[in-house]
file start03.json (JSON, C-alpha atoms and all ligand atoms)
[["chain", "number", "residue", "atom", "x", "y", "z"],
["A", 4, "MET", "CA", -0.24, 11.21, 20.76],
["A", 5, "THR", "CA", 2.24, 9.84, 18.24],
["A", 6, "TYR", "CA", 0.94, 9.46, 14.75],
["A", 7, "TYR", "CA", 3.05, 7.72, 12.15],
["A", 8, "ASP", "CA", 2.51, 9.07, 8.67],
["A", 9, "VAL", "CA", 3.41, 6.01, 6.61],
["A", 10, "SER", "CA", 2.67, 7.63, 3.24],
["A", 11, "MET", "CA", 5.11, 8.66, 0.52],
["A", 12, "ALA", "CA", 5.39, 12.34, -0.34],
["A", 13, "ILE", "CA", 4.28, 12.93, -3.93],
["A", 14, "LYS", "CA", 6.79, 15.20, -5.65],
["A", 15, "PRO", "CA", 8.38, 15.37, -9.11],
["A", 16, "ASP", "CA", 11.34, 13.16, -8.12],
["A", 17, "ILE", "CA", 9.35, 10.54, -6.18],
["A", 18, "GLN", "CA", 10.49, 7.00, -6.95],
["A", 19, "VAL", "CA", 8.28, 5.38, -9.60],
["A", 20, "TYR", "CA", 7.88, 1.79, -10.72],
["A", 21, "LYS", "CA", 10.89, 0.64, -12.75],
["A", 22, "ASN", "CA", 11.92, 4.30, -13.06],
["A", 23, "LYS", "CA", 9.67, 4.60, -16.10],
["A", 24, "PRO", "CA", 9.55, 8.25, -17.25],
["A", 25, "GLU", "CA", 5.89, 7.98, -18.20],
["A", 26, "LYS", "CA", 5.05, 7.09, -14.58],
["A", 27, "ARG", "CA", 6.59, 10.24, -13.15],
["A", 28, "PRO", "CA", 4.18, 12.85, -11.81],
["A", 29, "VAL", "CA", 4.33, 16.12, -13.71],
["A", 30, "PHE", "CA", 3.57, 19.36, -11.89],
["A", 31, "ILE", "CA", 2.40, 22.19, -14.12],
["A", 32, "GLU", "CA", 1.68, 25.78, -13.16],
["A", 33, "ALA", "CA", -1.90, 26.08, -14.34],
["A", 34, "ALA", "CA", -2.26, 29.66, -13.20],
["A", 35, "THR", "CA", 0.26, 32.15, -11.87],
["A", 36, "HIS", "CA", -0.12, 35.24, -9.74],
["A", 37, "ASP", "CA", 1.44, 37.45, -12.41],
["A", 38, "VAL", "CA", -0.89, 36.34, -15.21],
["A", 39, "ALA", "CA", -4.08, 35.13, -13.51],
["A", 40, "GLY", "CA", -3.94, 36.80, -10.13],
["A", 41, "VAL", "CA", -4.12, 33.39, -8.44],
["A", 42, "TYR", "CA", -1.87, 30.35, -8.28],
["A", 43, "GLU", "CA", -3.00, 26.88, -9.32],
["A", 44, "THR", "CA", -1.19, 23.61, -9.92],
["A", 45, "LEU", "CA", -2.12, 20.89, -12.38],
["A", 46, "ILE", "CA", -0.69, 17.45, -11.68],
["A", 47, "HIS", "CA", -0.38, 14.73, -14.30],
["A", 48, "LEU", "CA", -0.50, 11.74, -11.96],
["A", 49, "ASN", "CA", -0.58, 8.01, -12.46],
["A", 50, "LEU", "CA", -2.91, 6.70, -9.75],
["A", 51, "HIS", "CA", -0.30, 4.11, -8.73],
["A", 52, "THR", "CA", 2.09, 6.85, -7.66],
["A", 53, "GLY", "CA", 3.34, 6.66, -4.08],
["A", 54, "THR", "CA", 1.08, 5.20, -1.40],
["A", 55, "HIS", "CA", -2.12, 3.89, -2.96],
["A", 56, "MET", "CA", -4.65, 1.10, -3.09],
["A", 57, "ASP", "CA", -5.45, -1.11, -6.05],
["A", 58, "PHE", "CA", -8.86, -2.29, -7.23],
["A", 59, "SER", "CA", -9.24, -5.46, -9.26],
["A", 60, "LEU", "CA", -9.82, -3.54, -12.51],
["A", 61, "HIS", "CA", -6.03, -3.10, -12.37],
["A", 62, "MET", "CA", -5.61, -6.77, -13.32],
["A", 63, "LYS", "CA", -9.01, -7.84, -14.65],
["A", 64, "LYS", "CA", -11.03, -6.37, -17.53],
["A", 65, "ASP", "CA", -14.31, -6.71, -15.63],
["A", 66, "GLY", "CA", -12.75, -6.00, -12.25],
["A", 67, "LYS", "CA", -14.02, -3.76, -9.50],
["A", 68, "THR", "CA", -13.38, -0.04, -9.52],
["A", 69, "SER", "CA", -13.18, 2.63, -6.88],
["A", 70, "THR", "CA", -16.90, 3.39, -7.22],
["A", 71, "ASN", "CA", -18.81, 2.64, -4.01],
["A", 72, "PHE", "CA", -15.70, 1.56, -2.10],
["A", 73, "ASP", "CA", -16.56, 1.43, 1.60],
["A", 74, "PHE", "CA", -13.89, 3.69, 3.08],
["A", 75, "THR", "CA", -14.57, 2.40, 6.61],
["A", 76, "ARG", "CA", -12.64, -0.73, 5.62],
["A", 77, "LEU", "CA", -9.49, 1.38, 5.95],
["A", 78, "ILE", "CA", -10.22, 2.78, 9.42],
["A", 79, "ARG", "CA", -9.37, -0.12, 11.68],
["A", 80, "ASP", "CA", -6.75, -2.09, 13.58],
["A", 81, "VAL", "CA", -3.74, -3.40, 11.67],
["A", 82, "LYS", "CA", -0.75, -5.60, 12.48],
["A", 83, "VAL", "CA", 2.70, -4.56, 11.30],
["A", 84, "PHE", "CA", 5.05, -7.50, 10.71],
["A", 85, "ASP", "CA", 8.81, -6.98, 10.57],
["A", 86, "LEU", "CA", 10.13, -8.78, 7.49],
["A", 87, "THR", "CA", 13.23, -6.66, 7.05],
["A", 88, "HIS", "CA", 15.39, -9.81, 7.00],
["A", 89, "VAL", "CA", 13.68, -11.14, 3.86],
["A", 90, "LYS", "CA", 15.84, -10.80, 0.75],
["A", 91, "ASP", "CA", 13.46, -11.62, -2.12],
["A", 92, "GLY", "CA", 9.83, -12.68, -2.13],
["A", 93, "ILE", "CA", 7.93, -13.04, 1.16],
["A", 94, "THR", "CA", 6.84, -16.69, 1.26],
["A", 95, "LYS", "CA", 4.53, -18.76, 3.41],
["A", 96, "ASP", "CA", 7.56, -19.79, 5.50],
["A", 97, "ASP", "CA", 8.33, -16.16, 6.26],
["A", 98, "LEU", "CA", 4.79, -15.58, 7.55],
["A", 99, "ILE", "CA", 3.97, -18.85, 9.29],
["A", 100, "ASP", "CA", 5.17, -17.84, 12.77],
["A", 101, "PHE", "CA", 3.14, -14.63, 12.98],
["A", 102, "ASP", "CA", -0.12, -14.41, 14.90],
["A", 103, "ILE", "CA", -2.61, -14.05, 12.04],
["A", 104, "ASN", "CA", -6.34, -14.44, 12.59],
["A", 105, "PRO", "CA", -9.39, -14.20, 10.34],
["A", 106, "GLY", "CA", -10.28, -10.57, 9.77],
["A", 107, "ASP", "CA", -6.74, -9.26, 10.29],
["A", 108, "PHE", "CA", -5.30, -6.48, 8.13],
["A", 109, "VAL", "CA", -1.55, -6.97, 7.88],
["A", 110, "LEU", "CA", 1.17, -4.52, 6.86],
["A", 111, "LEU", "CA", 4.46, -6.01, 5.69],
["A", 112, "LYS", "CA", 7.51, -4.00, 6.68],
["A", 113, "THR", "CA", 10.56, -4.82, 4.57],
["A", 114, "ARG", "CA", 13.86, -3.26, 3.68],
["A", 115, "ASN", "CA", 12.00, -1.40, 0.90],
["A", 116, "SER", "CA", 10.99, 1.16, 3.52],
["A", 117, "TYR", "CA", 14.63, 2.23, 3.82],
["A", 118, "GLU", "CA", 15.10, 2.93, 0.10],
["A", 119, "ASP", "CA", 14.10, 6.21, -1.50],
["A", 120, "THR", "CA", 15.08, 5.21, -5.02],
["A", 121, "PHE", "CA", 13.46, 2.43, -6.98],
["A", 122, "ASN", "CA", 15.13, -0.95, -6.47],
["A", 123, "PHE", "CA", 14.47, -3.40, -9.31],
["A", 124, "GLU", "CA", 15.02, -6.20, -6.77],
["A", 125, "PHE", "CA", 12.41, -4.86, -4.34],
["A", 126, "ILE", "CA", 10.92, -7.19, -1.75],
["A", 127, "PHE", "CA", 7.47, -8.43, -2.69],
["A", 128, "LEU", "CA", 4.76, -10.83, -1.57],
["A", 129, "ALA", "CA", 5.42, -14.15, -3.28],
["A", 130, "GLU", "CA", 2.56, -16.32, -4.51],
["A", 131, "SER", "CA", 2.90, -18.75, -1.58],
["A", 132, "GLY", "CA", 2.75, -15.84, 0.85],
["A", 133, "SER", "CA", -0.42, -14.50, -0.74],
["A", 134, "THR", "CA", -2.07, -17.95, -0.70],
["A", 135, "PHE", "CA", -1.13, -18.35, 2.95],
["A", 136, "LEU", "CA", -2.63, -14.97, 3.87],
["A", 137, "LYS", "CA", -5.76, -15.76, 1.86],
["A", 138, "ASP", "CA", -6.12, -19.08, 3.71],
["A", 139, "LYS", "CA", -5.70, -17.22, 7.00],
["A", 140, "LYS", "CA", -8.65, -15.06, 5.87],
["A", 141, "VAL", "CA", -6.97, -11.68, 6.20],
["A", 142, "VAL", "CA", -9.03, -8.78, 4.85],
["A", 143, "GLY", "CA", -6.18, -6.53, 3.77],
["A", 144, "VAL", "CA", -2.49, -6.57, 2.93],
["A", 145, "GLY", "CA", -0.22, -3.55, 2.79],
["A", 146, "ILE", "CA", 3.37, -3.51, 1.64],
["A", 147, "ASP", "CA", 6.15, -0.93, 1.34],
["A", 148, "ALA", "CA", 6.78, -1.71, -2.33],
["A", 149, "LEU", "CA", 5.28, 0.08, -5.32],
["A", 150, "GLY", "CA", 4.06, -3.35, -6.43],
["A", 151, "VAL", "CA", 2.78, -6.13, -4.21],
["A", 152, "GLU", "CA", 4.59, -8.53, -6.57],
["A", 153, "ARG", "CA", 7.19, -8.60, -9.33],
["A", 154, "ASN", "CA", 8.31, -11.09, -11.96],
["A", 155, "GLN", "CA", 5.52, -13.56, -11.29],
["A", 156, "LYS", "CA", 3.83, -14.71, -14.50],
["A", 157, "GLY", "CA", 0.08, -14.09, -14.50],
["A", 158, "TYR", "CA", 0.24, -11.86, -11.40],
["A", 159, "PRO", "CA", -0.80, -14.63, -8.97],
["A", 160, "THR", "CA", -0.34, -12.48, -5.85],
["A", 161, "HIS", "CA", -2.59, -9.68, -7.10],
["A", 162, "ASN", "CA", -5.13, -12.16, -8.39],
["A", 163, "THR", "CA", -5.22, -14.32, -5.26],
["A", 164, "LEU", "CA", -5.86, -11.25, -3.13],
["A", 165, "PHE", "CA", -8.37, -9.68, -5.54],
["A", 166, "ASP", "CA", -10.26, -12.95, -5.95],
["A", 167, "HIS", "CA", -10.92, -12.97, -2.21],
["A", 168, "ASP", "CA", -11.74, -9.27, -1.93],
["A", 169, "ILE", "CA", -8.58, -8.64, 0.10],
["A", 170, "ILE", "CA", -7.58, -4.98, 0.02],
["A", 171, "ILE", "CA", -4.13, -4.23, -1.44],
["A", 172, "ILE", "CA", -2.17, -1.20, -0.28],
["A", 173, "GLU", "CA", 1.16, -0.46, -1.96],
["A", 174, "GLY", "CA", 3.88, 2.12, -1.41],
["A", 175, "LEU", "CA", 3.82, 2.31, 2.40],
["A", 176, "ARG", "CA", 6.80, 3.78, 4.29],
["A", 177, "LEU", "CA", 7.21, 1.78, 7.50],
["A", 178, "LYS", "CA", 10.77, 2.67, 8.52],
["A", 179, "ASP", "CA", 9.69, 4.49, 11.68],
["A", 180, "VAL", "CA", 7.13, 1.90, 12.75],
["A", 181, "LYS", "CA", 8.08, -1.06, 14.89],
["A", 182, "GLU", "CA", 6.39, -4.42, 14.59],
["A", 183, "GLY", "CA", 3.14, -4.46, 16.54],
["A", 184, "ASN", "CA", -0.52, -3.53, 16.66],
["A", 185, "TYR", "CA", -1.71, -0.16, 15.48],
["A", 186, "HIS", "CA", -4.86, 1.65, 14.54],
["A", 187, "MET", "CA", -4.91, 2.78, 10.92],
["A", 188, "ILE", "CA", -6.64, 5.74, 9.38],
["A", 189, "ALA", "CA", -6.39, 5.70, 5.61],
["A", 190, "LEU", "CA", -8.62, 7.61, 3.25],
["A", 191, "PRO", "CA", -8.59, 7.41, -0.54],
["A", 192, "ILE", "CA", -9.32, 10.40, -2.71],
["A", 193, "LYS", "CA", -12.90, 10.14, -3.99],
["A", 194, "ILE", "CA", -12.45, 9.51, -7.69],
["A", 195, "GLU", "CA", -15.00, 7.23, -9.33],
["A", 196, "ALA", "CA", -14.57, 4.29, -11.70],
["A", 197, "VAL", "CA", -10.79, 3.97, -11.53],
["A", 198, "GLU", "CA", -8.44, 1.06, -10.75],
["A", 199, "ALA", "CA", -6.36, 2.69, -8.03],
["A", 200, "LEU", "CA", -6.52, 5.58, -5.58],
["A", 201, "PRO", "CA", -3.82, 7.55, -3.76],
["A", 202, "LEU", "CA", -3.96, 7.13, 0.02],
["A", 203, "ARG", "CA", -2.79, 9.06, 3.04],
["A", 204, "VAL", "CA", -2.10, 6.38, 5.63],
["A", 205, "VAL", "CA", -1.58, 7.16, 9.30],
["A", 206, "LEU", "CA", -0.93, 4.68, 12.11],
["A", 207, "TYR", "CA", -1.02, 5.16, 15.86],
["A", 208, "ASP", "CA", -0.40, 2.89, 18.80],
["A", 209, "VAL", "CA", -3.67, 1.44, 20.06],
["A", 210, "ARG", "CA", -2.30, 0.77, 23.57],
["A", 211, "LYS", "CA", -1.43, 4.43, 24.05],
["A", 212, "ASN", "CA", -4.68, 5.57, 22.51],
["A", 213, "PRO", "CA", -7.60, 3.61, 23.97],
["A", 214, "ILE", "CA", -10.21, 5.31, 21.79],
["A", 215, "SER", "CA", -9.73, 2.47, 19.28],
["A", 216, "ASN", "CA", -12.95, 0.57, 18.75],
["A", 217, "ASN", "CA", -12.02, -1.89, 16.03],
["A", 218, "GLN", "CA", -11.91, -5.56, 16.78],
["B", 1, "ZN", "ZN", -0.91, -0.22, -7.80]]

call {"tool": "encode", "arguments": {"input": "start03.json", "output": "structure tokens"}}
result
Amino acid sequence: MTYYDVSMAIKPDIQVYKNKPEKRPVFIEAATHDVAGVYETLIHLNLHTGTHMDFSLHMKKDGKTSTNFDFTRLIRDVKVFDLTHVKDGITKDDLIDFDINPGDFVLLKTRNSYEDTFNFEFIFLAESGSTFLKDKKVVGVGIDALGVERNQKGYPTHNTLFDHDIIIIEGLRLKDVKEGNYHMIALPIKIEAVEALPLRVVLYDVRKNPISNNQ
């Protein structure tokens, strides 16, 4: 069975949003064999590092947090769309020809997946694209950018998705995954009352693996 691990590896030199030093993960030896007889690592980690999901507290003061998130919403079928030709924001026009039905969870594969360093001109989901997906009644959107949007005043893409309880996954790595239907297994770390959670996201081909039971 072929599993596609579409998660970023978290390491000290992982790409971080706008290359901001304060967003870099810091790995600290918390205990060493020589001193403590055991080895332990402490990580100073922004929760938006690498592959992760956002909760609406990220954008709204009274927004939802990770507490009581139903993790089964991330174990399901997904559709990967190839948008590697898009050069800026993904608009309604870029999405209109795809087969999108109510209840779909869509993953947007762009040229971002081919870049290991942060690109200030990264491909994002434009406001019109987010409105289109909301109108199509998708339940989740994943993208291979560290932000689902950039340079949009008032964060309309985040807010459109959050306002309709549409899950946002950021930081996917979809280079090795072709457009098509997959089953997704993604589990967030269980930290309560926060605005984002790191994810390990794995895809596999549903046609080759008939155990899938999602609709
Ligand atoms: Zn985020």

call {"tool": "residues_near_point", "arguments": {"input": "start03.json", "point": "(9.0, -9.9, -12.7)", "cutoff": "12 Å", "atoms": "only C-alpha atoms", "output": "NGL selection string"}}
result
:A and (20-21 or 91-92 or 123-129 or 150-160)

call {"tool": "closest_atom_pairs", "arguments": {"input": "start03.json", "of": "stretch 155-199 of chain A", "to": "stretch 47-52 of chain A", "cutoff": "12 Å", "atoms": "only C-alpha atoms", "output": "JSON lines"}}
result
{"residue": "A:Ile171", "atom": "CA", "partner": "A:His51", "partner_atom": "CA", "distance": 11.7}
{"residue": "A:Ile172", "atom": "CA", "partner": "A:His51", "partner_atom": "CA", "distance": 10.2}
{"residue": "A:Glu173", "atom": "CA", "partner": "A:His51", "partner_atom": "CA", "distance": 8.3}
{"residue": "A:Gly174", "atom": "CA", "partner": "A:Thr52", "partner_atom": "CA", "distance": 8.0}
{"residue": "A:Leu175", "atom": "CA", "partner": "A:Thr52", "partner_atom": "CA", "distance": 11.2}
{"residue": "A:Pro191", "atom": "CA", "partner": "A:Leu50", "partner_atom": "CA", "distance": 10.8}
{"residue": "A:Ile192", "atom": "CA", "partner": "A:Leu50", "partner_atom": "CA", "distance": 10.2}
{"residue": "A:Ile194", "atom": "CA", "partner": "A:Leu50", "partner_atom": "CA", "distance": 10.2}
{"residue": "A:Val197", "atom": "CA", "partner": "A:Leu50", "partner_atom": "CA", "distance": 8.5}
{"residue": "A:Glu198", "atom": "CA", "partner": "A:Leu50", "partner_atom": "CA", "distance": 8.0}
{"residue": "A:Ala199", "atom": "CA", "partner": "A:Leu50", "partner_atom": "CA", "distance": 5.6}

call {"tool": "residues_near_point", "arguments": {"input": "start03.json", "point": "(3.4, -23.8, -2.0)", "cutoff": "10 Å", "atoms": "all atoms listed in the file", "output": "ChimeraX atom specification"}}
result
/A:94-96,129-132,134-135

call {"tool": "residues_around", "arguments": {"input": "start03.json", "residues": "A:Arg176", "least_positions_apart": "6", "cutoff": "6 Å", "atoms": "all atoms listed in the file", "output": "list in words"}}
result
Val9, Ser10, Ser116 and Asp147 of chain A

call {"tool": "write_last_selection", "arguments": {"input": "start03.json", "atoms": "C-alpha atoms", "output": "compact mmCIF listing (two decimals), in the frame of the given file"}}
result
# COMPACT_ATOMS: atom_id res chain seq x y z
CA VAL A 9 3.41 6.01 6.61
CA SER A 10 2.67 7.63 3.24
CA SER A 116 10.99 1.16 3.52
CA ASP A 147 6.15 -0.93 1.34

call {"tool": "residues_around", "arguments": {"input": "start03.json", "residues": "A:Leu60", "least_positions_apart": "6", "cutoff": "12 Å", "atoms": "all atoms listed in the file", "output": "list of chain:residue names"}}
result
A:Gly66, A:Lys67, A:Thr68, A:Ser69, A:Thr70, A:His161, A:Asn162, A:Phe165, A:Asp166, A:Ala196, A:Val197, A:Glu198, A:Ala199, A:Leu200

call {"tool": "atom_distance", "arguments": {"input": "start03.json", "atom1": "atom CA of A:Val89", "atom2": "atom CA of A:Val141"}}
result
20.8 Å

call {"tool": "atom_distance", "arguments": {"input": "start03.json", "atom1": "atom ZN of ligand ZN 1 (chain B)", "atom2": "atom CA of A:Asp85"}}
result
21.9 Å

call {"tool": "closest_residue", "arguments": {"input": "start03.json", "among": "A:Ile170, A:Phe121, A:Gly106, A:Lys137", "to": "ligand ZN 1 (chain B)", "atoms": "only C-alpha atoms and all ligand atoms"}}
result
A:Ile170

call {"tool": "atom_distance", "arguments": {"input": "start03.json", "atom1": "atom CA of A:Thr54", "atom2": "atom CA of A:Thr120"}}
result
14.5 Å

call {"tool": "closest_residue", "arguments": {"input": "start03.json", "among": "A:Lys140, A:His186, A:Lys193, A:His167", "to": "A:Ile78", "atoms": "only C-alpha atoms"}}
result
A:His186

call {"tool": "residues_around", "arguments": {"input": "start03.json", "residues": "A:Asp179", "least_positions_apart": "5", "cutoff": "12 Å", "atoms": "only C-alpha atoms", "output": "JSON, numbers by chain"}}
result
{"A": [5, 6, 7, 8, 9, 10, 83, 85, 112, 113, 114, 116, 117, 205, 206, 207]}

call {"tool": "residues_around", "arguments": {"input": "start03.json", "residues": "A:Tyr185", "least_positions_apart": "3", "cutoff": "7 Å", "atoms": "only C-alpha atoms", "output": "PyMOL selection string"}}
result
chain A and resi 80-82+206-209

call {"tool": "residues_around", "arguments": {"input": "start03.json", "residues": "A:Asp107", "least_positions_apart": "2", "cutoff": "6 Å", "atoms": "all atoms listed in the file", "output": "list in words"}}
result
Asn104, Pro105, Val141 and Val142 of chain A

call {"tool": "closest_residue", "arguments": {"input": "start03.json", "among": "A:Tyr42, A:Leu110, A:Gly145, A:Val29", "to": "ligand ZN 1 (chain B)", "atoms": "all atoms listed in the file"}}
result
A:Gly145

call {"tool": "closest_residue", "arguments": {"input": "start03.json", "among": "A:Leu190, A:Ile93, A:Ile99, A:Leu202", "to": "ligand ZN 1 (chain B)", "atoms": "all atoms listed in the file"}}
result
A:Leu202

call {"tool": "build_atoms", "arguments": {"input": "start03.json", "residues": "stretch 63-83 of chain A", "atoms": "N, CA and C atoms", "output": "PDB file, keeping the file's coordinate frame"}}
result
ATOM      1  N   LYS A  63      -7.936  -7.112 -13.974  1.00  0.00           N
ATOM      2  CA  LYS A  63      -9.010  -7.840 -14.650  1.00  0.00           C
ATOM      3  C   LYS A  63      -9.907  -6.876 -15.422  1.00  0.00           C
ATOM      4  N   LYS A  64     -10.213  -7.231 -16.664  1.00  0.00           N
ATOM      5  CA  LYS A  64     -11.030  -6.370 -17.530  1.00  0.00           C
ATOM      6  C   LYS A  64     -12.365  -5.999 -16.892  1.00  0.00           C
ATOM      7  N   ASP A  65     -12.992  -6.963 -16.231  1.00  0.00           N
ATOM      8  CA  ASP A  65     -14.310  -6.710 -15.630  1.00  0.00           C
ATOM      9  C   ASP A  65     -14.187  -6.519 -14.121  1.00  0.00           C
ATOM     10  N   GLY A  66     -13.008  -6.111 -13.685  1.00  0.00           N
ATOM     11  CA  GLY A  66     -12.750  -6.000 -12.250  1.00  0.00           C
ATOM     12  C   GLY A  66     -13.466  -4.830 -11.595  1.00  0.00           C
ATOM     13  N   LYS A  67     -13.390  -4.817 -10.280  1.00  0.00           N
ATOM     14  CA  LYS A  67     -14.020  -3.760  -9.500  1.00  0.00           C
ATOM     15  C   LYS A  67     -13.244  -2.460  -9.639  1.00  0.00           C
ATOM     16  N   THR A  68     -13.985  -1.365  -9.484  1.00  0.00           N
ATOM     17  CA  THR A  68     -13.380  -0.040  -9.520  1.00  0.00           C
ATOM     18  C   THR A  68     -13.546   0.635  -8.164  1.00  0.00           C
ATOM     19  N   SER A  69     -13.100   1.861  -8.117  1.00  0.00           N
ATOM     20  CA  SER A  69     -13.180   2.630  -6.880  1.00  0.00           C
ATOM     21  C   SER A  69     -14.610   3.047  -6.518  1.00  0.00           C
ATOM     22  N   THR A  70     -15.529   2.946  -7.470  1.00  0.00           N
ATOM     23  CA  THR A  70     -16.900   3.390  -7.220  1.00  0.00           C
ATOM     24  C   THR A  70     -17.512   2.576  -6.082  1.00  0.00           C
ATOM     25  N   ASN A  71     -18.114   3.268  -5.150  1.00  0.00           N
ATOM     26  CA  ASN A  71     -18.810   2.640  -4.010  1.00  0.00           C
ATOM     27  C   ASN A  71     -17.886   1.912  -3.043  1.00  0.00           C
ATOM     28  N   PHE A  72     -16.590   2.186  -3.091  1.00  0.00           N
ATOM     29  CA  PHE A  72     -15.700   1.560  -2.100  1.00  0.00           C
ATOM     30  C   PHE A  72     -16.064   2.042  -0.703  1.00  0.00           C
ATOM     31  N   ASP A  73     -16.208   1.109   0.218  1.00  0.00           N
ATOM     32  CA  ASP A  73     -16.560   1.430   1.600  1.00  0.00           C
ATOM     33  C   ASP A  73     -15.297   1.859   2.349  1.00  0.00           C
ATOM     34  N   PHE A  74     -15.137   3.174   2.502  1.00  0.00           N
ATOM     35  CA  PHE A  74     -13.890   3.690   3.080  1.00  0.00           C
ATOM     36  C   PHE A  74     -13.669   3.250   4.523  1.00  0.00           C
ATOM     37  N   THR A  75     -14.744   2.808   5.203  1.00  0.00           N
ATOM     38  CA  THR A  75     -14.570   2.400   6.610  1.00  0.00           C
ATOM     39  C   THR A  75     -13.706   1.148   6.727  1.00  0.00           C
ATOM     40  N   ARG A  76     -13.509   0.461   5.602  1.00  0.00           N
ATOM     41  CA  ARG A  76     -12.640  -0.730   5.620  1.00  0.00           C
ATOM     42  C   ARG A  76     -11.175  -0.362   5.861  1.00  0.00           C
ATOM     43  N   LEU A  77     -10.868   0.922   5.756  1.00  0.00           N
ATOM     44  CA  LEU A  77      -9.490   1.380   5.950  1.00  0.00           C
ATOM     45  C   LEU A  77      -9.307   2.151   7.257  1.00  0.00           C
ATOM     46  N   ILE A  78     -10.331   2.150   8.098  1.00  0.00           N
ATOM     47  CA  ILE A  78     -10.220   2.780   9.420  1.00  0.00           C
ATOM     48  C   ILE A  78     -10.402   1.661  10.418  1.00  0.00           C
ATOM     49  N   ARG A  79      -9.294   1.132  10.940  1.00  0.00           N
ATOM     50  CA  ARG A  79      -9.370  -0.120  11.680  1.00  0.00           C
ATOM     51  C   ARG A  79      -8.014  -0.482  12.302  1.00  0.00           C
ATOM     52  N   ASP A  80      -8.009  -1.572  13.039  1.00  0.00           N
ATOM     53  CA  ASP A  80      -6.750  -2.090  13.580  1.00  0.00           C
ATOM     54  C   ASP A  80      -5.958  -2.779  12.481  1.00  0.00           C
ATOM     55  N   VAL A  81      -4.634  -2.689  12.597  1.00  0.00           N
ATOM     56  CA  VAL A  81      -3.740  -3.400  11.670  1.00  0.00           C
ATOM     57  C   VAL A  81      -2.597  -4.014  12.475  1.00  0.00           C
ATOM     58  N   LYS A  82      -1.950  -5.003  11.884  1.00  0.00           N
ATOM     59  CA  LYS A  82      -0.750  -5.600  12.480  1.00  0.00           C
ATOM     60  C   LYS A  82       0.425  -5.354  11.542  1.00  0.00           C
ATOM     61  N   VAL A  83       1.484  -4.765  12.090  1.00  0.00           N
ATOM     62  CA  VAL A  83       2.700  -4.560  11.300  1.00  0.00           C
ATOM     63  C   VAL A  83       3.660  -5.712  11.602  1.00  0.00           C
TER      64      VAL A  83
END
